[in-house]
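Undergrad: Sharing data32.cif below, mmCIF, N, CA and C atoms:
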data_structure
loop_
_atom_site.label_atom_id
_atom_site.label_comp_id
_atom_site.auth_asym_id
_atom_site.auth_seq_id
_atom_site.Cartn_x
_atom_site.Cartn_y
_atom_site.Cartn_z
N MET W 1 0.84 -1.18 0.00
CA MET W 1 0.00 0.00 0.00
C MET W 1 0.89 1.24 0.00
N ILE W 2 0.53 2.20 -0.86
CA ILE W 2 1.30 3.43 -0.97
C ILE W 2 0.90 4.37 0.15
N LYS W 3 1.89 4.85 0.87
CA LYS W 3 1.64 5.76 1.98
C LYS W 3 1.86 7.19 1.51
N MET W 4 0.83 8.00 1.63
CA MET W 4 0.93 9.40 1.25
C MET W 4 1.41 10.19 2.47
N SER W 5 2.52 10.84 2.32
CA SER W 5 3.07 11.65 3.39
C SER W 5 2.87 13.11 3.03
N ARG W 6 2.03 13.78 3.78
CA ARG W 6 1.73 15.17 3.46
C ARG W 6 2.93 16.08 3.63
N SER W 7 3.78 15.80 4.61
CA SER W 7 4.94 16.67 4.82
C SER W 7 5.90 16.59 3.63
N LYS W 8 6.08 15.40 3.06
CA LYS W 8 6.95 15.26 1.89
C LYS W 8 6.34 15.96 0.68
N ILE W 9 5.03 15.85 0.53
CA ILE W 9 4.36 16.49 -0.59
C ILE W 9 4.43 18.00 -0.45
N TYR W 10 4.24 18.51 0.76
CA TYR W 10 4.34 19.96 0.97
C TYR W 10 5.76 20.46 0.72
N LEU W 11 6.74 19.71 1.20
CA LEU W 11 8.13 20.08 0.98
C LEU W 11 8.45 20.12 -0.51
N GLY W 12 8.05 19.09 -1.24
CA GLY W 12 8.29 19.05 -2.68
C GLY W 12 7.57 20.16 -3.42
N THR W 13 6.35 20.46 -3.02
CA THR W 13 5.59 21.53 -3.65
C THR W 13 6.27 22.87 -3.43
N ILE W 14 6.73 23.13 -2.22
CA ILE W 14 7.41 24.40 -1.93
C ILE W 14 8.72 24.50 -2.70
N LEU W 15 9.47 23.40 -2.79
CA LEU W 15 10.72 23.42 -3.55
C LEU W 15 10.47 23.66 -5.04
N ILE W 16 9.42 23.06 -5.57
CA ILE W 16 9.11 23.23 -6.99
C ILE W 16 8.61 24.64 -7.27
N ILE W 17 7.80 25.19 -6.38
CA ILE W 17 7.34 26.58 -6.56
C ILE W 17 8.54 27.52 -6.51
N PHE W 18 9.44 27.32 -5.57
CA PHE W 18 10.64 28.15 -5.50
C PHE W 18 11.46 28.02 -6.78
N THR W 19 11.61 26.80 -7.28
CA THR W 19 12.36 26.56 -8.51
C THR W 19 11.72 27.27 -9.69
N GLU W 20 10.42 27.11 -9.85
CA GLU W 20 9.74 27.69 -11.00
C GLU W 20 9.68 29.21 -10.92
N LEU W 21 9.63 29.77 -9.72
CA LEU W 21 9.54 31.22 -9.61
C LEU W 21 10.89 31.92 -9.75
N PHE W 22 11.93 31.35 -9.17
CA PHE W 22 13.19 32.06 -9.11
C PHE W 22 14.31 31.42 -9.91
N LEU W 23 14.22 30.15 -10.21
CA LEU W 23 15.28 29.45 -10.94
C LEU W 23 14.73 28.80 -12.20
N ALA W 24 13.89 29.49 -12.92
CA ALA W 24 13.20 28.89 -14.06
C ALA W 24 14.16 28.48 -15.17
N ARG W 25 15.26 29.16 -15.30
CA ARG W 25 16.25 28.77 -16.32
C ARG W 25 16.84 27.40 -16.03
N TYR W 26 16.94 27.07 -14.78
CA TYR W 26 17.59 25.82 -14.38
C TYR W 26 16.59 24.74 -13.97
N SER W 27 15.35 24.89 -14.36
CA SER W 27 14.34 23.93 -13.91
C SER W 27 14.56 22.54 -14.48
N ALA W 28 15.19 22.42 -15.64
CA ALA W 28 15.46 21.09 -16.19
C ALA W 28 16.46 20.33 -15.34
N ILE W 29 17.26 21.03 -14.59
CA ILE W 29 18.24 20.40 -13.70
C ILE W 29 17.68 20.25 -12.29
N VAL W 30 16.97 21.27 -11.82
CA VAL W 30 16.54 21.29 -10.43
C VAL W 30 15.32 20.40 -10.19
N LEU W 31 14.40 20.30 -11.15
CA LEU W 31 13.21 19.47 -10.93
C LEU W 31 13.56 17.99 -10.71
N PRO W 32 14.48 17.39 -11.46
CA PRO W 32 14.88 16.02 -11.10
C PRO W 32 15.53 15.93 -9.73
N LEU W 33 16.27 16.97 -9.34
CA LEU W 33 16.88 16.96 -8.00
C LEU W 33 15.81 17.01 -6.91
N VAL W 34 14.76 17.77 -7.14
CA VAL W 34 13.65 17.80 -6.17
C VAL W 34 13.01 16.41 -6.10
N GLY W 35 12.82 15.76 -7.25
CA GLY W 35 12.29 14.40 -7.24
C GLY W 35 13.20 13.43 -6.49
N LEU W 36 14.51 13.58 -6.67
CA LEU W 36 15.45 12.73 -5.93
C LEU W 36 15.38 12.99 -4.44
N ILE W 37 15.25 14.25 -4.04
CA ILE W 37 15.15 14.58 -2.62
C ILE W 37 13.91 13.95 -2.00
N ILE W 38 12.79 14.08 -2.68
CA ILE W 38 11.54 13.48 -2.16
C ILE W 38 11.66 11.96 -2.14
N GLY W 39 12.31 11.40 -3.15
CA GLY W 39 12.51 9.95 -3.18
C GLY W 39 13.43 9.47 -2.06
N LEU W 40 14.47 10.24 -1.75
CA LEU W 40 15.37 9.86 -0.66
C LEU W 40 14.68 9.92 0.69
N LEU W 41 13.66 10.73 0.82
CA LEU W 41 12.92 10.80 2.07
C LEU W 41 11.88 9.69 2.21
N SER W 42 11.59 8.99 1.13
CA SER W 42 10.57 7.93 1.14
C SER W 42 11.21 6.57 1.39
N ASN W 43 10.38 5.62 1.80
CA ASN W 43 10.89 4.30 2.13
C ASN W 43 10.75 3.30 1.00
N LYS W 44 9.70 3.40 0.21
CA LYS W 44 9.45 2.45 -0.87
C LYS W 44 9.51 3.17 -2.21
N ILE W 45 9.72 2.40 -3.27
CA ILE W 45 9.84 2.97 -4.60
C ILE W 45 8.53 3.61 -5.04
N ALA W 46 7.42 2.90 -4.85
CA ALA W 46 6.12 3.45 -5.25
C ALA W 46 5.76 4.67 -4.42
N GLU W 47 6.13 4.65 -3.16
CA GLU W 47 5.85 5.80 -2.29
C GLU W 47 6.65 7.02 -2.74
N GLY W 48 7.92 6.82 -3.09
CA GLY W 48 8.74 7.92 -3.57
C GLY W 48 8.22 8.49 -4.88
N ALA W 49 7.82 7.62 -5.79
CA ALA W 49 7.28 8.08 -7.07
C ALA W 49 5.97 8.81 -6.87
N TYR W 50 5.12 8.29 -6.00
CA TYR W 50 3.82 8.91 -5.75
C TYR W 50 3.97 10.28 -5.10
N ASN W 51 4.77 10.36 -4.05
CA ASN W 51 4.95 11.63 -3.35
C ASN W 51 5.60 12.67 -4.26
N ALA W 52 6.61 12.27 -5.02
CA ALA W 52 7.28 13.21 -5.93
C ALA W 52 6.35 13.64 -7.05
N GLY W 53 5.58 12.71 -7.59
CA GLY W 53 4.66 13.05 -8.67
C GLY W 53 3.55 14.00 -8.23
N ILE W 54 2.98 13.73 -7.07
CA ILE W 54 1.92 14.61 -6.56
C ILE W 54 2.47 15.99 -6.23
N SER W 55 3.64 16.04 -5.60
CA SER W 55 4.21 17.36 -5.28
C SER W 55 4.59 18.11 -6.55
N GLY W 56 5.10 17.40 -7.54
CA GLY W 56 5.41 18.04 -8.82
C GLY W 56 4.17 18.57 -9.51
N PHE W 57 3.11 17.78 -9.52
CA PHE W 57 1.87 18.21 -10.16
C PHE W 57 1.30 19.44 -9.46
N CYS W 58 1.24 19.41 -8.13
CA CYS W 58 0.67 20.55 -7.39
C CYS W 58 1.52 21.80 -7.55
N GLY W 59 2.84 21.67 -7.45
CA GLY W 59 3.72 22.82 -7.56
C GLY W 59 3.69 23.45 -8.94
N ILE W 60 3.76 22.64 -9.98
CA ILE W 60 3.75 23.18 -11.34
C ILE W 60 2.38 23.73 -11.68
N LEU W 61 1.31 23.09 -11.21
CA LEU W 61 -0.03 23.62 -11.46
C LEU W 61 -0.22 24.98 -10.79
N PHE W 62 0.27 25.12 -9.56
CA PHE W 62 0.19 26.41 -8.87
C PHE W 62 0.94 27.49 -9.64
N CYS W 63 2.13 27.17 -10.11
CA CYS W 63 2.92 28.14 -10.85
C CYS W 63 2.28 28.50 -12.19
N ASN W 64 1.69 27.52 -12.86
CA ASN W 64 1.00 27.82 -14.12
C ASN W 64 -0.22 28.70 -13.91
N ILE W 65 -0.96 28.45 -12.84
CA ILE W 65 -2.12 29.30 -12.53
C ILE W 65 -1.64 30.72 -12.20
N LEU W 66 -0.56 30.81 -11.46
CA LEU W 66 0.01 32.12 -11.14
C LEU W 66 0.46 32.85 -12.40
N PHE W 67 1.02 32.11 -13.35
CA PHE W 67 1.44 32.70 -14.61
C PHE W 67 0.24 33.18 -15.43
N ILE W 68 -0.84 32.39 -15.45
CA ILE W 68 -2.03 32.80 -16.18
C ILE W 68 -2.63 34.06 -15.56
N ILE W 69 -2.69 34.10 -14.25
CA ILE W 69 -3.21 35.31 -13.58
C ILE W 69 -2.32 36.51 -13.91
N ASN W 70 -1.02 36.30 -13.88
CA ASN W 70 -0.10 37.38 -14.20
C ASN W 70 -0.28 37.84 -15.65
N PHE W 71 -0.37 36.91 -16.55
CA PHE W 71 -0.42 37.25 -17.98
C PHE W 71 -1.76 37.85 -18.37
N LYS W 72 -2.84 37.25 -17.92
CA LYS W 72 -4.17 37.67 -18.35
C LYS W 72 -4.71 38.88 -17.61
N PHE W 73 -4.50 38.93 -16.32
CA PHE W 73 -5.20 39.92 -15.50
C PHE W 73 -4.31 41.06 -15.00
N LEU W 74 -3.04 40.80 -14.77
CA LEU W 74 -2.18 41.82 -14.18
C LEU W 74 -1.34 42.57 -15.21
N GLY W 75 -1.34 42.12 -16.44
CA GLY W 75 -0.63 42.83 -17.49
C GLY W 75 0.88 42.70 -17.44
N LEU W 76 1.38 41.57 -16.98
CA LEU W 76 2.81 41.25 -16.98
C LEU W 76 3.67 42.18 -16.13
N TRP W 77 3.13 42.79 -15.12
CA TRP W 77 3.96 43.64 -14.28
C TRP W 77 4.88 42.83 -13.38
N LEU W 78 4.62 41.54 -13.22
CA LEU W 78 5.50 40.67 -12.43
C LEU W 78 6.47 39.88 -13.31
N GLU W 79 6.63 40.30 -14.54
CA GLU W 79 7.42 39.52 -15.48
C GLU W 79 8.86 39.24 -15.03
N PRO W 80 9.59 40.19 -14.45
CA PRO W 80 10.94 39.82 -14.02
C PRO W 80 10.96 38.74 -12.94
N LEU W 81 9.91 38.65 -12.13
CA LEU W 81 9.89 37.67 -11.05
C LEU W 81 9.48 36.29 -11.55
N ILE W 82 8.41 36.23 -12.35
CA ILE W 82 7.89 34.93 -12.77
C ILE W 82 7.78 34.86 -14.29
N GLY W 83 8.76 35.33 -14.98
CA GLY W 83 8.66 35.41 -16.43
C GLY W 83 9.09 34.18 -17.17
N GLY W 84 9.71 33.20 -16.57
CA GLY W 84 10.31 32.15 -17.36
C GLY W 84 9.82 30.75 -17.09
N PHE W 85 8.54 30.52 -17.04
CA PHE W 85 8.06 29.16 -16.82
C PHE W 85 8.37 28.29 -18.03
N THR W 86 8.90 27.12 -17.78
CA THR W 86 9.27 26.24 -18.87
C THR W 86 8.07 25.46 -19.35
N GLY W 87 8.04 25.23 -20.64
CA GLY W 87 6.96 24.43 -21.23
C GLY W 87 5.61 25.10 -21.19
N PHE W 88 5.57 26.42 -21.08
CA PHE W 88 4.29 27.09 -20.93
C PHE W 88 4.28 28.33 -21.82
N SER W 89 3.52 28.29 -22.88
CA SER W 89 3.47 29.42 -23.79
C SER W 89 2.03 29.66 -24.17
N LEU W 90 1.61 30.90 -24.10
CA LEU W 90 0.25 31.25 -24.48
C LEU W 90 0.17 31.77 -25.91
N SER W 91 1.30 32.04 -26.51
CA SER W 91 1.26 32.61 -27.85
C SER W 91 0.96 31.52 -28.87
N GLY W 92 -0.09 31.70 -29.60
CA GLY W 92 -0.45 30.76 -30.65
C GLY W 92 -1.25 29.56 -30.21
N ASN W 93 -1.52 29.39 -28.94
CA ASN W 93 -2.30 28.26 -28.48
C ASN W 93 -3.78 28.58 -28.55
N GLU W 94 -4.54 27.66 -29.12
CA GLU W 94 -5.98 27.82 -29.16
C GLU W 94 -6.64 27.33 -27.88
N SER W 95 -5.97 26.43 -27.20
CA SER W 95 -6.51 25.89 -25.96
C SER W 95 -5.36 25.61 -25.00
N TYR W 96 -5.70 25.13 -23.84
CA TYR W 96 -4.70 24.82 -22.82
C TYR W 96 -4.33 23.35 -22.80
N ILE W 97 -4.65 22.61 -23.86
CA ILE W 97 -4.32 21.18 -23.89
C ILE W 97 -2.81 20.98 -23.86
N GLY W 98 -2.08 21.81 -24.58
CA GLY W 98 -0.62 21.71 -24.56
C GLY W 98 -0.03 21.98 -23.19
N VAL W 99 -0.66 22.90 -22.47
CA VAL W 99 -0.20 23.23 -21.12
C VAL W 99 -0.39 22.03 -20.19
N PHE W 100 -1.56 21.39 -20.26
CA PHE W 100 -1.80 20.22 -19.41
C PHE W 100 -0.94 19.04 -19.81
N TYR W 101 -0.64 18.94 -21.10
CA TYR W 101 0.25 17.88 -21.57
C TYR W 101 1.64 18.07 -20.95
N CYS W 102 2.16 19.30 -20.98
CA CYS W 102 3.47 19.58 -20.37
C CYS W 102 3.43 19.36 -18.86
N LEU W 103 2.31 19.69 -18.23
CA LEU W 103 2.15 19.48 -16.79
C LEU W 103 2.24 18.00 -16.44
N ILE W 104 1.56 17.17 -17.20
CA ILE W 104 1.59 15.72 -16.96
C ILE W 104 2.99 15.16 -17.22
N ILE W 105 3.62 15.59 -18.31
CA ILE W 105 4.95 15.09 -18.65
C ILE W 105 5.97 15.45 -17.56
N GLU W 106 5.94 16.70 -17.08
CA GLU W 106 6.87 17.10 -16.03
C GLU W 106 6.59 16.38 -14.72
N SER W 107 5.32 16.11 -14.42
CA SER W 107 4.98 15.38 -13.19
C SER W 107 5.48 13.94 -13.26
N VAL W 108 5.33 13.29 -14.41
CA VAL W 108 5.83 11.93 -14.57
C VAL W 108 7.35 11.91 -14.48
N PHE W 109 8.00 12.91 -15.07
CA PHE W 109 9.45 13.04 -15.02
C PHE W 109 9.94 13.15 -13.58
N ILE W 110 9.28 13.97 -12.79
CA ILE W 110 9.64 14.13 -11.38
C ILE W 110 9.36 12.84 -10.61
N ALA W 111 8.26 12.16 -10.93
CA ALA W 111 7.92 10.91 -10.25
C ALA W 111 8.96 9.82 -10.53
N ILE W 112 9.46 9.77 -11.76
CA ILE W 112 10.50 8.79 -12.10
C ILE W 112 11.75 9.04 -11.26
N PHE W 113 12.13 10.29 -11.13
CA PHE W 113 13.30 10.59 -10.31
C PHE W 113 13.02 10.37 -8.83
N GLY W 114 11.77 10.51 -8.40
CA GLY W 114 11.42 10.15 -7.03
C GLY W 114 11.60 8.67 -6.77
N ALA W 115 11.22 7.84 -7.75
CA ALA W 115 11.42 6.40 -7.62
C ALA W 115 12.91 6.05 -7.62
N ILE W 116 13.68 6.74 -8.45
CA ILE W 116 15.12 6.50 -8.47
C ILE W 116 15.75 6.90 -7.13
N GLY W 117 15.29 8.01 -6.56
CA GLY W 117 15.82 8.44 -5.26
C GLY W 117 15.51 7.45 -4.15
N SER W 118 14.30 6.89 -4.15
CA SER W 118 13.98 5.90 -3.12
C SER W 118 14.75 4.60 -3.33
N GLU W 119 15.04 4.26 -4.58
CA GLU W 119 15.87 3.08 -4.86
C GLU W 119 17.31 3.32 -4.40
N ILE W 120 17.81 4.51 -4.60
CA ILE W 120 19.15 4.85 -4.12
C ILE W 120 19.21 4.73 -2.61
N LYS W 121 18.16 5.16 -1.92
CA LYS W 121 18.12 5.05 -0.46
C LYS W 121 18.15 3.58 -0.03
N LYS W 122 17.44 2.71 -0.77
CA LYS W 122 17.44 1.31 -0.42
C LYS W 122 18.81 0.68 -0.64
N VAL W 123 19.51 1.11 -1.69
CA VAL W 123 20.83 0.56 -1.98
C VAL W 123 21.85 1.03 -0.95
N ILE W 124 21.73 2.28 -0.53
CA ILE W 124 22.69 2.83 0.43
C ILE W 124 22.54 2.18 1.79
N LYS W 125 21.29 1.87 2.20
CA LYS W 125 21.08 1.24 3.50
C LYS W 125 21.68 -0.10 3.50
#
Could you quickly redo this structure as C-alpha cells?

TA:
Amino acid sequence: MIKMSRSKIYLGTILIIFTELFLARYSAIVLPLVGLIIGLLSNKIAEGAYNAGISGFCGILFCNILFIINFKFLGLWLEPLIGGFTGFSLSGNESYIGVFYCLIIESVFIAIFGAIGSEIKKVIK
C-alpha cells in the first residue's frame, strides 16, 4: 500500500514553486533533483514516485495558474519575477491542452526521479 506523506508532498511543492519562480532557467536540472530529494525521504519505490509526482503536479499547477493570472489579468507587471516558466506558452495556443500535456509530462518526469531516489536510499542502507 502506498503511503501518502503530506509533509513530503508539501516540501516538494514548496521546492518546486521556489524553482519555478526564481530558478526557471535551471528547472530542467533542479526538478529532477527535487524528485530525488523526495525519493530519498521515502521508504518504498512506489511511495517515492507517488509523493514526488503529486508534489510536482501541485507545484507546477500552482505556478502555471500564477502565470495565467499574471499574464491575463495583471498585465505582466510581475514579469521579471515569474517570467520564465518552462513548457508554458500562451502565444499561438488555441486551448490549454498543450499546457496540461506539459504538466503531466513534467509530473511523470519528477515521479520517475522520485522512484530513483527511493531506490538509491534502499541501496545505500

Undergrad: Care to translate the PyMOL selection byres ((chain W and resi 42) around 8) into actual residues of this file, as a PyMOL selection string?

TA: chain W and resi 8+36-41+43-45+47-49+114+117-119+121-122

Undergrad: Could you tell me, as a ChimeraX atom specification, exactly which residues end up selected when the PyMOL selection byres (((chain W and resi 61 and name CA) around 10) and name CA) is applied to this structure?

TA: /W:13,17,55-60,62-67,99-100,103-104,107

Undergrad: How many Å separate atom N of W:Ala24 from atom N of W:Ala46?

TA: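 Between these atoms lies a distance of 28.5 Å.
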
Undergrad: In Å, how far is it from atom CA of W:Asn51 to atom CA of W:Ile9?

TA: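 Separation between atom CA of W:Asn51 and atom CA of W:Ile9: 5.6 Å.
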
Undergrad: With distances taken over all atoms listed in the file, which of W:Phe18, W:Ile110, W:Ile69, W:Leu23 is nearest to W:Ile54?

TA: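 So, comparing all the options, the nearest one is W:Ile110.
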
Undergrad: W:Phe22, W:Phe109, W:Ser27, W:Lys125: which is nearest W:Ala52, counting only N, CA and C atoms?

TA: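 Of W:Phe22, W:Phe109, W:Ser27, W:Lys125, the one nearest W:Ala52 is W:Phe109, counting only N, CA and C atoms.
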
Undergrad: Grab the atom N of W:Phe113 to atom C of W:Val34 distance for me, in Å with one decimal place.

TA: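 We find that atom N of W:Phe113 and atom C of W:Val34 lie 8.0 Å from each other.
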
Undergrad: Could you model N, CA, C and O atoms for stretch 38-52 of chain W and present them as a compact mmCIF listing (two decimals), in the coordinates of the input?

TA:
# COMPACT_ATOMS: atom_id res chain seq x y z
N ILE W 38 12.79 14.08 -2.68
CA ILE W 38 11.54 13.48 -2.16
C ILE W 38 11.66 11.96 -2.14
O ILE W 38 11.19 11.30 -1.22
N GLY W 39 12.31 11.40 -3.15
CA GLY W 39 12.51 9.95 -3.18
C GLY W 39 13.43 9.47 -2.06
O GLY W 39 13.21 8.40 -1.49
N LEU W 40 14.47 10.24 -1.75
CA LEU W 40 15.37 9.86 -0.66
C LEU W 40 14.68 9.92 0.69
O LEU W 40 15.08 9.22 1.62
N LEU W 41 13.66 10.73 0.82
CA LEU W 41 12.92 10.80 2.07
C LEU W 41 11.88 9.69 2.21
O LEU W 41 11.35 9.47 3.29
N SER W 42 11.59 8.99 1.13
CA SER W 42 10.57 7.93 1.14
C SER W 42 11.21 6.57 1.39
O SER W 42 12.41 6.38 1.19
N ASN W 43 10.38 5.62 1.80
CA ASN W 43 10.89 4.30 2.13
C ASN W 43 10.75 3.30 1.00
O ASN W 43 11.58 2.41 0.85
N LYS W 44 9.70 3.40 0.21
CA LYS W 44 9.45 2.45 -0.87
C LYS W 44 9.51 3.17 -2.21
O LYS W 44 9.34 4.38 -2.29
N ILE W 45 9.72 2.40 -3.27
CA ILE W 45 9.84 2.97 -4.60
C ILE W 45 8.53 3.61 -5.04
O ILE W 45 8.51 4.74 -5.53
N ALA W 46 7.42 2.90 -4.85
CA ALA W 46 6.12 3.45 -5.25
C ALA W 46 5.76 4.67 -4.42
O ALA W 46 5.16 5.63 -4.93
N GLU W 47 6.13 4.65 -3.16
CA GLU W 47 5.85 5.80 -2.29
C GLU W 47 6.65 7.02 -2.74
O GLU W 47 6.13 8.14 -2.78
N GLY W 48 7.92 6.82 -3.09
CA GLY W 48 8.74 7.92 -3.57
C GLY W 48 8.22 8.49 -4.88
O GLY W 48 8.17 9.71 -5.06
N ALA W 49 7.82 7.62 -5.79
CA ALA W 49 7.28 8.08 -7.07
C ALA W 49 5.97 8.81 -6.87
O ALA W 49 5.72 9.86 -7.49
N TYR W 50 5.12 8.29 -6.00
CA TYR W 50 3.82 8.91 -5.75
C TYR W 50 3.97 10.28 -5.10
O TYR W 50 3.37 11.26 -5.56
N ASN W 51 4.77 10.36 -4.05
CA ASN W 51 4.95 11.63 -3.35
C ASN W 51 5.60 12.67 -4.26
O ASN W 51 5.20 13.84 -4.28
N ALA W 52 6.61 12.27 -5.02
CA ALA W 52 7.28 13.21 -5.93
C ALA W 52 6.35 13.64 -7.05
O ALA W 52 6.33 14.81 -7.43
